[in-house]
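One file, protein-v1.txt, is given below (compact mmCIF, C-alpha atoms).
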# COMPACT_ATOMS: atom_id res chain seq x y z
CA MET Z 1 -116.13 35.39 -1.63
CA VAL Z 2 -113.45 35.62 1.06
CA LYS Z 3 -111.80 32.43 -0.20
CA LEU Z 4 -111.80 33.71 -3.77
CA LEU Z 5 -110.31 37.03 -2.65
CA LEU Z 6 -107.57 35.21 -0.74
CA SER Z 7 -106.83 33.11 -3.80
CA TRP Z 8 -106.35 36.19 -5.94
CA LEU Z 9 -104.23 37.87 -3.29
CA TYR Z 10 -101.99 34.79 -3.31
CA ILE Z 11 -101.67 35.01 -7.10
CA LEU Z 12 -100.80 38.69 -6.73
CA TYR Z 13 -98.13 37.82 -4.18
CA VAL Z 14 -96.59 35.16 -6.44
CA ALA Z 15 -96.67 37.56 -9.40
CA LEU Z 16 -94.88 40.25 -7.39
CA ALA Z 17 -92.28 37.71 -6.27
CA LEU Z 18 -91.82 36.68 -9.89
CA PHE Z 19 -91.31 40.28 -10.92
CA CYS Z 20 -88.57 40.63 -8.31
CA THR Z 21 -86.97 37.39 -9.56
CA ILE Z 22 -86.95 38.66 -13.15
CA SER Z 23 -85.54 42.00 -12.06
CA GLN Z 24 -82.78 40.33 -10.04
CA SER Z 25 -81.96 37.92 -12.86
CA ARG Z 26 -81.63 40.77 -15.34
CA LYS Z 27 -79.48 42.71 -12.91
CA GLN Z 28 -77.10 39.75 -12.61
CA GLY Z 29 -77.00 39.18 -16.34
CA GLU Z 30 -76.53 42.81 -17.34
CA VAL Z 31 -74.55 44.31 -14.45
CA MET Z 32 -72.96 41.77 -12.17
CA MET Z 33 -71.50 39.27 -14.66
CA LYS Z 34 -67.77 39.82 -15.11
CA SER Z 35 -65.40 38.45 -17.72
CA ALA Z 36 -61.65 38.60 -18.29
CA ILE Z 37 -59.27 37.21 -20.92
CA TYR Z 38 -55.79 36.08 -19.89
CA HIS Z 39 -52.77 34.50 -21.57
CA SER Z 40 -50.30 31.93 -20.31
CA PRO Z 41 -46.59 32.68 -20.60
CA GLU Z 42 -45.40 32.00 -24.14
CA PHE Z 43 -44.14 28.56 -25.15
CA VAL Z 44 -42.10 28.09 -28.31
CA MET Z 45 -42.92 25.16 -30.58
CA GLN Z 46 -41.05 23.71 -33.52
CA PRO Z 47 -41.85 20.64 -35.66
CA GLY Z 48 -42.06 17.56 -33.44
CA SER Z 49 -41.47 19.41 -30.18
CA VAL Z 50 -43.40 18.82 -26.96
CA VAL Z 51 -44.16 21.21 -24.13
CA ASN Z 52 -45.62 20.06 -20.83
CA ARG Z 53 -45.28 23.20 -18.71
CA PHE Z 54 -46.55 24.16 -15.28
CA TYR Z 55 -47.21 27.83 -14.60
CA TYR Z 56 -47.85 28.94 -11.02
CA ASN Z 57 -49.66 31.97 -9.63
CA ILE Z 58 -51.23 32.67 -13.01
CA ASP Z 59 -53.46 35.65 -13.75
CA PHE Z 60 -56.90 34.87 -12.39
CA PRO Z 61 -59.88 36.69 -10.85
CA ARG Z 62 -59.35 37.32 -7.14
CA ASP Z 63 -61.72 37.78 -4.19
CA HIS Z 64 -64.76 35.71 -3.25
CA ILE Z 65 -66.39 34.78 -6.56
CA GLY Z 66 -68.63 32.25 -8.28
CA ILE Z 67 -67.16 30.97 -11.56
CA LYS Z 68 -69.68 30.40 -14.34
CA LYS Z 69 -67.47 29.40 -17.25
CA PHE Z 70 -63.85 28.72 -18.18
CA TYR Z 71 -62.86 28.64 -21.86
CA ALA Z 72 -59.37 28.03 -23.24
CA GLU Z 73 -57.60 27.52 -26.58
CA VAL Z 74 -54.11 27.73 -28.10
CA VAL Z 75 -53.36 30.90 -30.07
CA ASP Z 76 -50.30 32.33 -31.80
CA ASP Z 77 -48.59 35.67 -31.15
CA THR Z 78 -51.12 37.45 -33.40
CA GLY Z 79 -54.07 36.07 -31.43
CA GLU Z 80 -55.15 33.65 -34.17
CA SER Z 81 -56.48 30.22 -33.18
CA VAL Z 82 -53.97 27.43 -33.85
CA SER Z 83 -55.18 24.32 -35.65
CA LEU Z 84 -54.84 20.87 -34.10
CA HIS Z 85 -53.29 19.82 -37.42
CA ASP Z 86 -50.27 21.91 -36.44
CA THR Z 87 -50.26 21.86 -32.65
CA TYR Z 88 -52.16 19.12 -30.87
CA LEU Z 89 -53.48 20.19 -27.47
CA HIS Z 90 -53.14 17.02 -25.41
CA HIS Z 91 -54.58 18.72 -22.36
CA TRP Z 92 -54.72 21.80 -20.20
CA ILE Z 93 -55.69 21.78 -16.55
CA VAL Z 94 -56.13 24.47 -13.89
CA MET Z 95 -55.59 23.72 -10.21
CA ARG Z 96 -56.28 25.77 -7.10
CA TYR Z 97 -53.92 26.14 -4.15
CA TYR Z 98 -53.08 28.31 -1.14
CA GLN Z 99 -49.64 29.79 -0.54
CA PRO Z 100 -48.28 32.30 2.00
CA VAL Z 101 -48.72 35.90 0.90
CA SER Z 102 -44.99 36.40 1.55
CA THR Z 103 -44.14 34.03 -1.34
CA GLN Z 104 -43.30 36.55 -4.04
CA ASP Z 105 -42.16 34.53 -7.06
CA ASN Z 106 -44.27 32.36 -9.35
CA SER Z 107 -42.67 29.08 -8.39
CA LEU Z 108 -44.25 26.45 -6.15
CA ASN Z 109 -42.80 25.73 -2.74
CA GLN Z 110 -44.13 22.28 -1.92
CA SER Z 111 -43.35 22.77 1.76
CA ASN Z 112 -45.87 25.58 2.24
CA ALA Z 113 -48.36 25.12 -0.63
CA ILE Z 114 -51.79 23.67 0.14
CA PHE Z 115 -53.58 22.27 -2.90
CA VAL Z 116 -57.37 22.55 -2.89
CA ARG Z 117 -58.61 19.62 -4.92
CA ASN Z 118 -62.02 18.84 -6.36
CA SER Z 119 -64.37 16.43 -4.58
CA GLY Z 120 -63.39 13.37 -6.65
CA VAL Z 121 -61.56 10.33 -5.30
CA CYS Z 122 -58.53 10.45 -7.63
CA HIS Z 123 -55.68 12.21 -5.84
CA ASN Z 124 -53.83 12.83 -9.12
CA LEU Z 125 -56.87 14.40 -10.81
CA GLY Z 126 -57.40 17.36 -8.50
CA GLN Z 127 -58.02 20.04 -11.13
CA TYR Z 128 -60.98 22.41 -11.11
CA PHE Z 129 -60.99 22.86 -14.90
CA GLY Z 130 -59.41 20.94 -17.77
CA LEU Z 131 -59.96 19.72 -21.32
CA GLY Z 132 -57.96 18.64 -24.36
CA SER Z 133 -58.43 18.79 -28.12
CA GLU Z 134 -62.18 19.16 -27.53
CA THR Z 135 -61.75 22.47 -25.72
CA ARG Z 136 -63.22 24.78 -28.40
CA ARG Z 137 -66.57 23.06 -28.81
CA THR Z 138 -67.32 21.61 -25.37
CA GLU Z 139 -69.81 23.63 -23.35
CA ASN Z 140 -68.78 24.00 -19.69
CA ARG Z 141 -71.12 26.78 -18.57
CA VAL Z 142 -72.41 26.27 -15.03
CA PRO Z 143 -76.23 26.61 -15.21
CA ASP Z 144 -78.06 29.29 -13.23
CA PRO Z 145 -78.30 29.85 -10.33
CA TYR Z 146 -75.26 27.69 -9.64
CA ALA Z 147 -71.56 28.59 -9.64
CA ILE Z 148 -68.20 27.17 -8.59
CA GLN Z 149 -67.38 29.02 -5.39
CA VAL Z 150 -63.75 30.03 -4.83
CA GLY Z 151 -61.88 32.67 -2.84
CA ASN Z 152 -64.01 32.29 0.28
CA PRO Z 153 -62.06 34.11 3.02
CA ALA Z 154 -63.46 31.74 5.64
CA GLU Z 155 -61.65 28.82 3.96
CA ILE Z 156 -58.25 30.43 3.34
CA PRO Z 157 -55.74 29.90 6.19
CA PRO Z 158 -54.46 33.07 7.93
CA GLY Z 159 -51.40 34.50 6.17
CA TYR Z 160 -52.20 32.63 2.94
CA GLU Z 161 -53.82 33.63 -0.32
CA GLU Z 162 -55.55 31.69 -3.06
CA ARG Z 163 -53.53 31.07 -6.22
CA TRP Z 164 -53.96 29.06 -9.42
CA MET Z 165 -51.71 26.73 -11.42
CA LEU Z 166 -51.95 26.05 -15.16
CA ASN Z 167 -50.54 22.98 -16.90
CA VAL Z 168 -50.33 22.97 -20.72
CA HIS Z 169 -49.35 19.85 -22.67
CA ALA Z 170 -49.02 20.43 -26.43
CA ILE Z 171 -47.36 18.53 -29.32
CA ASP Z 172 -46.23 20.17 -32.58
CA THR Z 173 -47.13 17.71 -35.35
CA ARG Z 174 -46.01 19.78 -38.36
CA GLY Z 175 -44.05 17.45 -40.62
CA ALA Z 176 -44.60 14.41 -38.38
CA ILE Z 177 -44.19 11.03 -40.06
CA ASP Z 178 -47.19 9.74 -38.06
CA LYS Z 179 -49.39 12.53 -36.66
CA LEU Z 180 -51.80 10.22 -34.86
CA GLY Z 181 -48.88 8.26 -33.40
CA CYS Z 182 -47.35 11.49 -32.11
CA THR Z 183 -50.63 12.56 -30.46
CA GLU Z 184 -50.95 9.09 -28.89
CA CYS Z 185 -47.38 9.43 -27.56
CA LYS Z 186 -46.05 6.22 -29.10
CA CYS Z 187 -42.66 5.61 -27.52
CA SER Z 188 -41.09 4.36 -30.77
CA LEU Z 189 -41.73 7.77 -32.36
CA TYR Z 190 -40.12 9.66 -29.48
CA ASN Z 191 -37.03 7.46 -29.17
CA VAL Z 192 -37.09 7.44 -25.38
CA THR Z 193 -36.28 4.65 -22.93
CA ILE Z 194 -36.60 6.60 -19.68
CA ASP Z 195 -39.38 8.83 -18.36
CA GLU Z 196 -39.02 12.45 -17.23
CA PHE Z 197 -37.86 11.29 -13.78
CA ASN Z 198 -35.09 9.14 -15.32
CA ARG Z 199 -36.90 5.91 -14.53
CA PRO Z 200 -36.67 3.09 -17.11
CA ILE Z 201 -39.77 2.66 -19.26
CA SER Z 202 -41.11 -0.89 -19.28
CA GLY Z 203 -40.68 -2.77 -22.53
CA ASP Z 204 -44.40 -3.55 -22.73
CA TYR Z 205 -45.33 0.13 -22.42
CA GLU Z 206 -45.91 1.18 -26.03
CA GLY Z 207 -47.19 4.71 -25.59
CA GLY Z 208 -48.56 7.34 -23.27
CA LEU Z 209 -47.53 10.20 -21.02
CA TYR Z 210 -44.26 8.55 -19.99
CA CYS Z 211 -42.93 9.01 -23.55
CA CYS Z 212 -44.10 12.52 -24.54
CA TYR Z 213 -42.94 14.65 -21.65
CA ASP Z 214 -41.57 18.18 -21.80
CA LYS Z 215 -38.74 18.79 -24.32
CA THR Z 216 -39.07 15.40 -26.04
CA ARG Z 217 -39.55 15.35 -29.81
CA CYS Z 218 -41.66 13.23 -32.13
CA LYS Z 219 -40.13 12.07 -35.42
CA VAL Z 220 -40.62 14.35 -38.40
CA LYS Z 221 -40.05 13.75 -42.09
CA LYS Z 222 -36.44 13.91 -43.19
CA GLY Z 223 -35.51 17.35 -44.43
CA PHE Z 224 -38.68 18.98 -43.12
CA GLU Z 225 -37.99 22.41 -41.74
CA HIS Z 226 -40.28 25.06 -40.39
CA SER Z 227 -39.68 28.12 -38.27
CA PRO Z 228 -40.41 28.01 -34.53
CA ARG Z 229 -43.59 29.72 -33.41
CA LYS Z 230 -44.56 31.45 -30.18
CA LEU Z 231 -47.82 30.16 -28.77
CA TYR Z 232 -50.02 30.85 -25.74
CA LEU Z 233 -52.98 29.33 -23.99
CA ARG Z 234 -55.62 32.04 -24.02
CA TYR Z 235 -58.23 31.52 -21.34
CA THR Z 236 -61.44 33.38 -20.56
CA VAL Z 237 -63.11 33.35 -17.15
CA ASN Z 238 -66.71 34.43 -16.53
CA TRP Z 239 -67.81 35.00 -12.94
CA PHE Z 240 -70.05 36.78 -10.44
CA ASP Z 241 -68.97 38.33 -7.18
CA TRP Z 242 -70.30 35.83 -4.68
CA ASN Z 243 -73.79 36.68 -3.44
CA GLU Z 244 -76.72 34.98 -1.76
CA SER Z 245 -78.52 34.30 -5.05
CA LEU Z 246 -75.78 31.86 -6.12
CA LEU Z 247 -75.74 28.20 -5.11
CA PRO Z 248 -72.40 26.33 -4.80
CA VAL Z 249 -71.57 23.08 -6.59
CA ARG Z 250 -69.04 20.32 -6.05
CA ILE Z 251 -66.77 19.07 -8.86
CA TYR Z 252 -66.26 15.34 -9.39
CA ILE Z 253 -63.87 13.71 -11.86
CA PHE Z 254 -64.05 9.94 -12.30
CA ASP Z 255 -61.45 7.83 -14.11
CA ILE Z 256 -62.20 4.59 -15.95
CA THR Z 257 -58.76 3.23 -14.90
CA ASP Z 258 -59.47 3.68 -11.18
CA THR Z 259 -58.61 0.66 -9.07
CA LEU Z 260 -58.95 0.18 -5.32
CA LYS Z 261 -55.91 -0.66 -3.24
CA PHE Z 262 -56.36 -1.85 0.32
CA SER Z 263 -53.62 -1.40 2.89
CA GLY Z 264 -53.98 -2.62 6.44
CA ASP Z 265 -57.61 -3.20 7.33
CA SER Z 266 -60.45 -3.10 4.82
CA THR Z 267 -61.38 0.49 5.74
CA ASP Z 268 -58.06 1.89 4.52
CA VAL Z 269 -58.80 2.23 0.82
CA LYS Z 270 -56.76 4.13 -1.77
CA HIS Z 271 -57.91 4.91 -5.29
CA GLU Z 272 -55.21 4.36 -7.90
CA CYS Z 273 -56.16 6.27 -11.02
CA LYS Z 274 -53.76 5.52 -13.85
CA ILE Z 275 -55.42 8.18 -16.07
CA GLU Z 276 -54.51 6.46 -19.36
CA TYR Z 277 -54.79 3.00 -20.92
CA GLU Z 278 -54.34 1.09 -24.18
CA VAL Z 279 -56.98 -0.13 -26.62
CA GLN Z 280 -56.05 -3.42 -28.27
CA PRO Z 281 -57.14 -4.05 -31.90
CA CYS Z 282 -59.91 -6.49 -32.80
CA LYS Z 283 -58.78 -10.08 -32.98
CA SER Z 284 -61.78 -11.38 -34.88
CA VAL Z 285 -62.58 -10.52 -38.49
CA MET Z 286 -65.44 -8.01 -38.54
CA PRO Z 287 -66.29 -4.63 -40.07
CA ASN Z 288 -64.36 -1.74 -38.53
CA ASP Z 289 -67.53 -0.10 -37.24
CA LYS Z 290 -68.25 -3.25 -35.22
CA CYS Z 291 -64.89 -3.28 -33.44
CA THR Z 292 -65.47 -1.67 -30.05
CA ASP Z 293 -63.41 -1.70 -26.89
CA ASN Z 294 -65.76 -1.42 -23.92
CA LYS Z 295 -64.29 -0.63 -20.53
CA ARG Z 296 -66.44 -0.46 -17.38
CA LEU Z 297 -65.88 0.62 -13.80
CA ARG Z 298 -68.24 0.36 -10.84
CA PHE Z 299 -67.63 2.60 -7.84
CA SER Z 300 -69.44 4.28 -4.94
CA MET Z 301 -70.49 7.93 -4.95
CA PRO Z 302 -68.59 9.70 -2.13
CA GLN Z 303 -71.31 12.26 -1.40
CA GLY Z 304 -74.70 12.51 -3.03
CA GLY Z 305 -76.64 15.45 -4.38
CA TYR Z 306 -78.37 16.90 -7.43
CA VAL Z 307 -76.50 16.45 -10.71
CA ILE Z 308 -76.66 19.65 -12.79
CA TYR Z 309 -73.92 19.05 -15.41
CA GLY Z 310 -71.89 16.24 -16.95
CA ASN Z 311 -69.46 15.45 -19.77
CA ALA Z 312 -66.65 13.07 -20.68
CA HIS Z 313 -63.06 13.39 -21.90
CA GLN Z 314 -61.78 11.00 -24.58
CA HIS Z 315 -59.01 10.91 -27.19
CA SER Z 316 -59.09 10.15 -30.91
CA GLY Z 317 -60.78 6.81 -31.44
CA GLY Z 318 -63.29 7.47 -28.68
CA ILE Z 319 -66.92 6.80 -29.56
CA GLY Z 320 -68.63 7.81 -26.32
CA SER Z 321 -68.82 7.47 -22.58
CA ALA Z 322 -71.69 7.24 -20.10
CA LEU Z 323 -72.37 7.28 -16.37
CA TYR Z 324 -75.21 5.15 -14.95
CA ARG Z 325 -77.03 5.05 -11.65
CA GLU Z 326 -77.33 1.87 -9.58
CA ASP Z 327 -80.72 1.06 -11.10
CA GLY Z 328 -79.36 1.42 -14.65
CA ARG Z 329 -80.75 4.86 -15.39
CA VAL Z 330 -78.42 7.15 -17.34
CA VAL Z 331 -76.89 10.05 -15.43
CA CYS Z 332 -75.22 11.42 -18.56
CA ALA Z 333 -74.07 10.11 -21.95
CA SER Z 334 -71.32 12.14 -23.62
CA ILE Z 335 -70.51 11.64 -27.30
CA PRO Z 336 -67.42 12.97 -29.13
CA ILE Z 337 -67.74 15.46 -31.97
CA TYR Z 338 -65.23 14.83 -34.77
CA GLY Z 339 -64.12 17.59 -37.09
CA ASN Z 340 -64.38 17.33 -40.86
CA GLY Z 341 -62.40 20.33 -42.10
CA LYS Z 342 -59.13 22.19 -41.84
CA GLU Z 343 -60.03 25.27 -39.80
CA ALA Z 344 -59.44 25.56 -36.06
CA GLY Z 345 -62.37 24.03 -34.20
CA ASN Z 346 -63.28 21.66 -37.03
CA GLU Z 347 -60.08 19.70 -37.69
CA ALA Z 348 -60.75 16.45 -39.54
CA GLY Z 349 -59.80 13.31 -37.62
CA TYR Z 350 -59.69 14.99 -34.22
CA ILE Z 351 -62.20 15.17 -31.39
CA VAL Z 352 -63.12 18.86 -31.41
CA GLY Z 353 -65.92 18.71 -28.85
CA MET Z 354 -67.83 16.50 -26.43
CA SER Z 355 -71.58 16.60 -25.91
CA THR Z 356 -72.68 17.71 -22.45
CA CYS Z 357 -75.63 17.10 -20.15
CA TYR Z 358 -77.72 19.69 -18.30
CA PRO Z 359 -80.38 17.81 -16.30
CA GLU Z 360 -83.28 19.89 -15.05
CA PRO Z 361 -82.33 20.85 -11.47
CA GLY Z 362 -83.90 18.37 -9.08
CA SER Z 363 -84.63 15.76 -11.74
CA LEU Z 364 -81.50 13.71 -11.12
CA VAL Z 365 -80.36 12.80 -7.60
CA ILE Z 366 -77.46 10.52 -6.71
CA ASN Z 367 -77.38 9.14 -3.17
CA THR Z 368 -74.32 9.03 -0.95
CA GLY Z 369 -72.70 5.61 -1.31
CA GLU Z 370 -74.77 4.73 -4.37
CA SER Z 371 -73.07 2.29 -6.74
CA LEU Z 372 -72.43 3.98 -10.10
CA LEU Z 373 -71.25 2.49 -13.38
CA LEU Z 374 -68.86 4.33 -15.69
CA GLU Z 375 -68.48 3.14 -19.27
CA SER Z 376 -65.91 4.23 -21.87
CA ASN Z 377 -66.04 3.05 -25.49
CA TYR Z 378 -63.33 3.27 -28.15
CA SER Z 379 -63.08 1.98 -31.68
CA SER Z 380 -60.72 -0.98 -31.70
CA SER Z 381 -60.30 -1.26 -35.46
CA ARG Z 382 -56.66 -0.36 -34.71
CA LYS Z 383 -54.53 -0.09 -31.60
CA HIS Z 384 -54.61 3.12 -29.55
CA THR Z 385 -52.11 4.11 -26.87
CA GLY Z 386 -52.37 6.68 -24.10
CA VAL Z 387 -56.16 7.06 -24.34
CA MET Z 388 -58.28 8.42 -21.50
CA GLY Z 389 -61.76 7.85 -20.10
CA LEU Z 390 -62.55 10.62 -17.65
CA PHE Z 391 -66.00 11.81 -16.63
CA TYR Z 392 -66.88 15.17 -15.04
CA ILE Z 393 -70.05 16.02 -13.12
CA LEU Z 394 -71.18 19.00 -11.05
CA VAL Z 395 -73.28 18.21 -7.99
CA ALA Z 396 -75.34 20.62 -5.87
CA ASP Z 397 -76.74 20.22 -2.37
CA GLN Z 398 -79.56 22.73 -2.87
CA LEU Z 399 -82.28 23.44 -5.40
CA PRO Z 400 -83.49 26.89 -6.45
CA HIS Z 401 -86.34 28.08 -4.22
CA GLN Z 402 -89.00 28.25 -6.94
CA THR Z 403 -92.48 26.74 -7.06
CA LYS Z 404 -93.75 24.96 -10.14
CA PHE Z 405 -96.21 27.80 -10.68
CA ARG Z 406 -93.46 30.43 -10.64
CA ASP Z 407 -91.33 28.31 -12.98
CA ALA Z 408 -94.19 27.98 -15.46
CA LEU Z 409 -95.15 31.64 -15.26
CA PHE Z 410 -91.54 32.73 -15.54
CA SER Z 411 -91.07 30.73 -18.73
CA LYS Z 412 -94.19 32.35 -20.21
CA VAL Z 413 -93.12 35.87 -19.33
CA GLU Z 414 -89.52 35.28 -20.37
CA GLY Z 415 -90.68 33.91 -23.71
CA THR Z 416 -92.55 37.12 -24.50
CA HIS Z 417 -89.44 39.27 -23.81
CA LEU Z 418 -91.48 41.77 -21.77
CA ASP Z 419 -89.64 44.75 -20.30
CA HIS Z 420 -90.39 46.04 -16.80
CA SER Z 421 -93.21 48.36 -17.91
CA GLY Z 422 -94.76 45.55 -19.96
CA PHE Z 423 -94.70 43.26 -16.99
CA ILE Z 424 -96.32 45.90 -14.77
CA VAL Z 425 -99.14 46.27 -17.32
CA LEU Z 426 -99.59 42.50 -17.31
CA LEU Z 427 -99.60 42.47 -13.53
CA LEU Z 428 -102.20 45.26 -13.31
CA ALA Z 429 -104.38 43.42 -15.81
CA LEU Z 430 -104.13 40.31 -13.69
CA VAL Z 431 -105.18 42.24 -10.60
CA ALA Z 432 -108.07 43.87 -12.49
CA VAL Z 433 -109.32 40.49 -13.64
CA GLY Z 434 -109.15 39.21 -10.08
CA ILE Z 435 -111.09 42.16 -8.68
CA SER Z 436 -113.70 41.89 -11.43
CA ALA Z 437 -114.12 38.22 -10.69
CA VAL Z 438 -114.71 38.95 -7.02
CA ILE Z 439 -117.32 41.69 -7.81
CA VAL Z 440 -119.16 39.55 -10.35
CA ARG Z 441 -119.21 36.59 -8.01
CA GLY Z 442 -120.59 38.79 -5.24
CA ARG Z 443 -123.36 40.16 -7.47
CA ASN Z 444 -124.33 36.69 -8.63
CA ARG Z 445 -124.64 35.52 -5.07
CA ALA Z 446 -126.79 38.56 -4.19
CA GLU Z 447 -129.11 37.92 -7.13
CA ASP Z 448 -129.36 34.24 -6.30
CA GLY Z 449 -130.50 35.11 -2.80
CA TYR Z 450 -133.28 37.75 -3.82
CA GLU Z 451 -136.90 36.87 -3.09
CA PRO Z 452 -139.80 39.11 -4.29
CA VAL Z 453 -142.23 40.35 -1.60
CA SER Z 454 -145.83 39.33 -2.24
CA MET Z 455 -148.44 41.99 -1.81

Could the structure of this file be written out as structure tokens, please?
Amino acid sequence: MVKLLLSWLYILYVALALFCTISQSRKQGEVMMKSAIYHSPEFVMQPGSVVNRFYYNIDFPRDHIGIKKFYAEVVDDTGESVSLHDTYLHHWIVMRYYQPVSTQDNSLNQSNAIFVRNSGVCHNLGQYFGLGSETRRTENRVPDPYAIQVGNPAEIPPGYEERWMLNVHAIDTRGAIDKLGCTECKCSLYNVTIDEFNRPISGDYEGGLYCCYDKTRCKVKKGFEHSPRKLYLRYTVNWFDWNESLLPVRIYIFDITDTLKFSGDSTDVKHECKIEYEVQPCKSVMPNDKCTDNKRLRFSMPQGGYVIYGNAHQHSGGIGSALYREDGRVVCASIPIYGNGKEAGNEAGYIVGMSTCYPEPGSLVINTGESLLLESNYSSSRKHTGVMGLFYILVADQLPHQTKFRDALFSKVEGTHLDHSGFIVLLLALVAVGISAVIVRGRNRAEDGYEPVSM
């Protein structure tokens, strides 16, 4: 009987702990979650124009926080979403840096700025957040109880403060003679021979970022005129004030164009991430849906952990990307979502979203130094210039402190949508059943041990 009583006391303890977990979860969801909507400075677009602007010390949540989601899209001066058919969002990225508090303006002083990059190996891909045309329909919520930790006072140098930089690259394709060519930054459409740093562009470079830099212009139809428009990148940040219930994650961005460069001895290795590449058209005669450009990259994981999120970034023509473990198991496969309409978020011919992966915490572990394989696939029925093959993952060092029993019970209770009083009733019923079981078991044992006295 003592063992049975102890068993039911343990169940009672777990149930009480579960109740506290539910209460805390609801408190976070209903009270502690914060959200704010911000706008970039305005940028004026006219047919064929390009903006590739960098905005420093942008509006952003301050203090020690855990970011749960970052959403962004291009809007006009009335707040309406702008279609990719009119303004193609090549990319937006947000980077984190420290700068002395005494720096008053919103410019960047390279001599005293300290950039805080993600955990990836590509020095030129240090952003914390970033997407492109797929921004409206790509889920980037960080799953509970994880968050991206920023603003930790212990990490900020004395006399400095944390700031954020936003880069917006957009192309106005209204009236363009070749919209896809403009979005792929074909040099012949931009009539440029030098890049933004006045360096000559190689003759075999047919398209990419070197040709569609800030203030360039893609060719539009002769006689086409349209009024300039004021646009903004509207971004929404969801976050919690940092607390002990949150678990931090590391951000990794991998690039399919990454190559290793050795200088000096073999231990001095530098990753050269070119960010973009070209897709050559099929040479053999075959159906268009059979023409596929497959690019692969094998690399070592810098620091292992539990993968809790993943997705890829591709341009038009992309048909999917995947990350594999050393034994061939899939870490995450991300497939593009193409629009089929005219409205913002469903523009035909454009990638308007990428599928994402949310592995069950603890189910997917990558080891430090493990050899991973990144794969990026594009349709090669025609040539594509300036395409990308990036892959994002979030990695955690810790798992939530929950037993399988609590997880199962939590899912049952959560599925019934019980309020606090309902849960208390359920808990009392559970206790009553336990006590009854103990009493009945005791009576049964007493009856089993009764012997009549013979006269």

Which residues are near Z:His39? Cut-off 8 Å, all atoms listed in the file, ignore same chain within fewer than 5 positions. Put them as a list of chain:residue names.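 So the residues in contact are Z:Asp59, Z:Tyr232, Z:Leu233, Z:Arg234, Z:Tyr235.
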
Have a look at Z:Leu108, Z:Val352, Z:Ala147, Z:Cys212 and name the one nearest to Z:Asp241; count all atoms listed in the file.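 For Z:Asp241, the nearest of the given residues is Z:Ala147.
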
Quick one: residues within 8 Å of stretch 315-328 of chain Z, only C-alpha atoms, excluding same-chain residues fewer than 2 positions away - as an MDAnalysis selection string? chainID Z and resid 133 312:313 330:336 349:351 366 370:380 384 387:389 391

Write out the residues from the selection above, keeping C-alpha atoms, as a PDB file, in the coordinates of the input.
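Below is the file that was written, part.pdb:
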ATOM      1  CA  SER Z 133     -58.430  18.790 -28.120  1.00  0.00           C
ATOM      2  CA  ALA Z 312     -66.650  13.070 -20.680  1.00  0.00           C
ATOM      3  CA  HIS Z 313     -63.060  13.390 -21.900  1.00  0.00           C
ATOM      4  CA  VAL Z 330     -78.420   7.150 -17.340  1.00  0.00           C
ATOM      5  CA  VAL Z 331     -76.890  10.050 -15.430  1.00  0.00           C
ATOM      6  CA  CYS Z 332     -75.220  11.420 -18.560  1.00  0.00           C
ATOM      7  CA  ALA Z 333     -74.070  10.110 -21.950  1.00  0.00           C
ATOM      8  CA  SER Z 334     -71.320  12.140 -23.620  1.00  0.00           C
ATOM      9  CA  ILE Z 335     -70.510  11.640 -27.300  1.00  0.00           C
ATOM     10  CA  PRO Z 336     -67.420  12.970 -29.130  1.00  0.00           C
ATOM     11  CA  GLY Z 349     -59.800  13.310 -37.620  1.00  0.00           C
ATOM     12  CA  TYR Z 350     -59.690  14.990 -34.220  1.00  0.00           C
ATOM     13  CA  ILE Z 351     -62.200  15.170 -31.390  1.00  0.00           C
ATOM     14  CA  ILE Z 366     -77.460  10.520  -6.710  1.00  0.00           C
ATOM     15  CA  GLU Z 370     -74.770   4.730  -4.370  1.00  0.00           C
ATOM     16  CA  SER Z 371     -73.070   2.290  -6.740  1.00  0.00           C
ATOM     17  CA  LEU Z 372     -72.430   3.980 -10.100  1.00  0.00           C
ATOM     18  CA  LEU Z 373     -71.250   2.490 -13.380  1.00  0.00           C
ATOM     19  CA  LEU Z 374     -68.860   4.330 -15.690  1.00  0.00           C
ATOM     20  CA  GLU Z 375     -68.480   3.140 -19.270  1.00  0.00           C
ATOM     21  CA  SER Z 376     -65.910   4.230 -21.870  1.00  0.00           C
ATOM     22  CA  ASN Z 377     -66.040   3.050 -25.490  1.00  0.00           C
ATOM     23  CA  TYR Z 378     -63.330   3.270 -28.150  1.00  0.00           C
ATOM     24  CA  SER Z 379     -63.080   1.980 -31.680  1.00  0.00           C
ATOM     25  CA  SER Z 380     -60.720  -0.980 -31.700  1.00  0.00           C
ATOM     26  CA  HIS Z 384     -54.610   3.120 -29.550  1.00  0.00           C
ATOM     27  CA  VAL Z 387     -56.160   7.060 -24.340  1.00  0.00           C
ATOM     28  CA  MET Z 388     -58.280   8.420 -21.500  1.00  0.00           C
ATOM     29  CA  GLY Z 389     -61.760   7.850 -20.100  1.00  0.00           C
ATOM     30  CA  PHE Z 391     -66.000  11.810 -16.630  1.00  0.00           C
TER      31      PHE Z 391
END

Separation of atom CA of Z:Ser188 from atom CA of Z:Arg174 in Å: 17.9 Å

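Of the listed residues (Z:Arg136, Z:Arg329, Z:Lys274, Z:Lys221), Z:Arg136 comes nearest to Z:Glu343; the distances count only C-alpha atoms.
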
What is the distance, in Å and to one decimal place, between atom CA of Z:Asn340 and atom CA of Z:Ala72?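 Interatomic distance here is 21.2 Å.
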
So what do you get for atom CA of Z:Ile114 versus atom CA of Z:Arg96, distance-wise?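 Atom-to-atom, atom CA of Z:Ile114 to atom CA of Z:Arg96, that is 8.8 Å.
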